[in-house]
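**Q** Got a structure here, written out as structure tokens. Questions coming.
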Amino acid sequence: VMELVPGETLAERIGRVDSLSVPEALGIAAQIADALEAAHNSDIIHRDLKPANIKVTPEGRVKVLDFGLAKPNAERSAQALNQGVTVSSTSQPTQEGRVLGTPAYMSPEQAQGAVVDKRSDVFSFGAVLYEMLAGRRAFVGGSTLEVLSAVLRDDPAPLKVAAPVDSIVRRCLEKDPARRFQNMAEVRAA
């Protein structure tokens, strides 16, 4: 049994306005960050964070949905296996080189089929925050291949927001995971 979450998806909300106000976007972003941090603290990587997988209830509560592509943190899973602990995964285990997720929101390492960690969700979070503030996706193209190419090589157009907010989004969207925020606690602090 799954919880019935009333309200609209973030995709629907963004679709009916040009962009969200900075205070509204940051309020929603803070709740998304809390949800991702809780998942990461449970060693779960979402891998498909996007506006369509986020609902805002009539009371303004944000719910991150659809953990269908989620998987245990690969590094911790390897550590657990080395200690003789069995870690369960999704019903269809993923393999290195296989690309799963929504192209416009996936991190460069995910787009390349590499092993992902919580920094991949930080990238996706940045793409969602960018879309809330700009009213358009950070990475676009006429085909899936063009979108993936944009994720790998392009930087999105500058946001028309205060420099500190733009800086946070840009750091989330760093191509190199080592240059990104390393976890959602760092993002929330910023």
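By order in the structure tokens, chains are A, B, ...; within a chain, residues start at 1; ligands start at 1, following the order shown.
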Counting only C-alpha atoms, what is within 12 Å of Val17 (chain A), bar same-chain residues fewer than 4 positions away, as a count of residues only?

**A** 11

**Q** Considering only C-alpha atoms, tabulate each residue of region 3-48 of chain A that lies at most 12 Å from region 156-179 of chain A along with its nearest interatomic pair and the corresponding distance in Å to one decimal; arrange the rows by chain and ascending residue number and present them as JSON lines.

**A**
```
{"residue": "A:Ser19", "atom": "CA", "partner": "A:Lys160", "partner_atom": "CA", "distance": 10.7}
{"residue": "A:Leu20", "atom": "CA", "partner": "A:Val161", "partner_atom": "CA", "distance": 11.3}
{"residue": "A:Ser21", "atom": "CA", "partner": "A:Val161", "partner_atom": "CA", "distance": 9.6}
{"residue": "A:Val22", "atom": "CA", "partner": "A:Val161", "partner_atom": "CA", "distance": 7.5}
{"residue": "A:Pro23", "atom": "CA", "partner": "A:Val165", "partner_atom": "CA", "distance": 10.7}
{"residue": "A:Ala25", "atom": "CA", "partner": "A:Val165", "partner_atom": "CA", "distance": 10.6}
{"residue": "A:Leu26", "atom": "CA", "partner": "A:Val165", "partner_atom": "CA", "distance": 9.0}
{"residue": "A:Ala29", "atom": "CA", "partner": "A:Val169", "partner_atom": "CA", "distance": 10.9}
{"residue": "A:Ala33", "atom": "CA", "partner": "A:Cys172", "partner_atom": "CA", "distance": 11.9}
```

**Q** Selection from above, N, CA and C atoms, as an mmCIF file, in the first residue's frame, can you write it?

**A**
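Dumped to selection_17.cif:
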```
data_model
loop_
_atom_site.group_PDB
_atom_site.id
_atom_site.type_symbol
_atom_site.label_atom_id
_atom_site.label_comp_id
_atom_site.auth_asym_id
_atom_site.auth_seq_id
_atom_site.Cartn_x
_atom_site.Cartn_y
_atom_site.Cartn_z
ATOM 1 N N SER A 19 8.038 31.027 -13.755
ATOM 2 C CA SER A 19 9.033 30.477 -12.841
ATOM 3 C C SER A 19 8.512 30.712 -11.434
ATOM 4 N N LEU A 20 9.042 29.991 -10.486
ATOM 5 C CA LEU A 20 8.635 30.186 -9.098
ATOM 6 C C LEU A 20 9.415 31.362 -8.521
ATOM 7 N N SER A 21 8.842 32.030 -7.551
ATOM 8 C CA SER A 21 9.588 33.097 -6.878
ATOM 9 C C SER A 21 10.766 32.463 -6.146
ATOM 10 N N VAL A 22 11.792 33.247 -5.891
ATOM 11 C CA VAL A 22 12.964 32.721 -5.192
ATOM 12 C C VAL A 22 12.572 32.159 -3.821
ATOM 13 N N PRO A 23 11.793 32.886 -3.006
ATOM 14 C CA PRO A 23 11.423 32.308 -1.704
ATOM 15 C C PRO A 23 10.636 30.998 -1.824
ATOM 16 N N ALA A 25 10.716 28.815 -4.401
ATOM 17 C CA ALA A 25 11.623 27.790 -4.909
ATOM 18 C C ALA A 25 12.561 27.301 -3.813
ATOM 19 N N LEU A 26 13.107 28.217 -3.020
ATOM 20 C CA LEU A 26 14.030 27.808 -1.964
ATOM 21 C C LEU A 26 13.315 27.050 -0.850
ATOM 22 N N ALA A 29 12.871 23.665 -2.316
ATOM 23 C CA ALA A 29 14.196 23.047 -2.414
ATOM 24 C C ALA A 29 14.684 22.550 -1.054
ATOM 25 N N ALA A 33 15.753 18.790 -0.279
ATOM 26 C CA ALA A 33 17.069 18.495 0.295
ATOM 27 C C ALA A 33 16.932 17.626 1.539
#
```

**Q** Taking only C-alpha atoms into account, name the residue in A:Asp121, A:Asp18, A:Asp34, A:Glu146 that is nearest to Val62 (chain A).

**A**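 Of A:Asp121, A:Asp18, A:Asp34, A:Glu146, the one nearest Val62 (chain A) is A:Asp34, counting only C-alpha atoms.
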
**Q** For each of A:Asp155, A:Asp117, A:Glu109, A:Asp48, take the minimum atom-to-atom distance to Tyr130 (chain A), counting only C-alpha atoms, then give the residue where this is smallest.

**A**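 Distance minimum relative to Tyr130 (chain A) lands on A:Asp155.
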
**Q** Write out as a PyMOL selection string which residues come within 9 Å of Ser124 (chain A) when counting only C-alpha atoms, dropping same-chain ones fewer than 4 positions away.

**A** chain A and resi 47-50+104-107+119-120+128-129+172-173

**Q** Just how far from CA of Thr9 (chain A) is CA of Val56 (chain A), in Å to one decimal?

**A** 6.1 Å

**Q** Could you please determine the separation between CA of Val140 (chain A) and CA of Val116 (chain A) in Å, to one decimal place?

**A**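 About the pair CA of Val140 (chain A) and CA of Val116 (chain A): they are 21.9 Å apart.
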
**Q** Would you please give, as a PyMOL selection string, all residues of chain A that DSSP assigns to helix (DSSP H, G or I) based on the backbone?

**A** chain A and resi 10-15+22-41+51-53+74-82+103-105+108-111+118-134+144-153+163-172+177-179+184-189
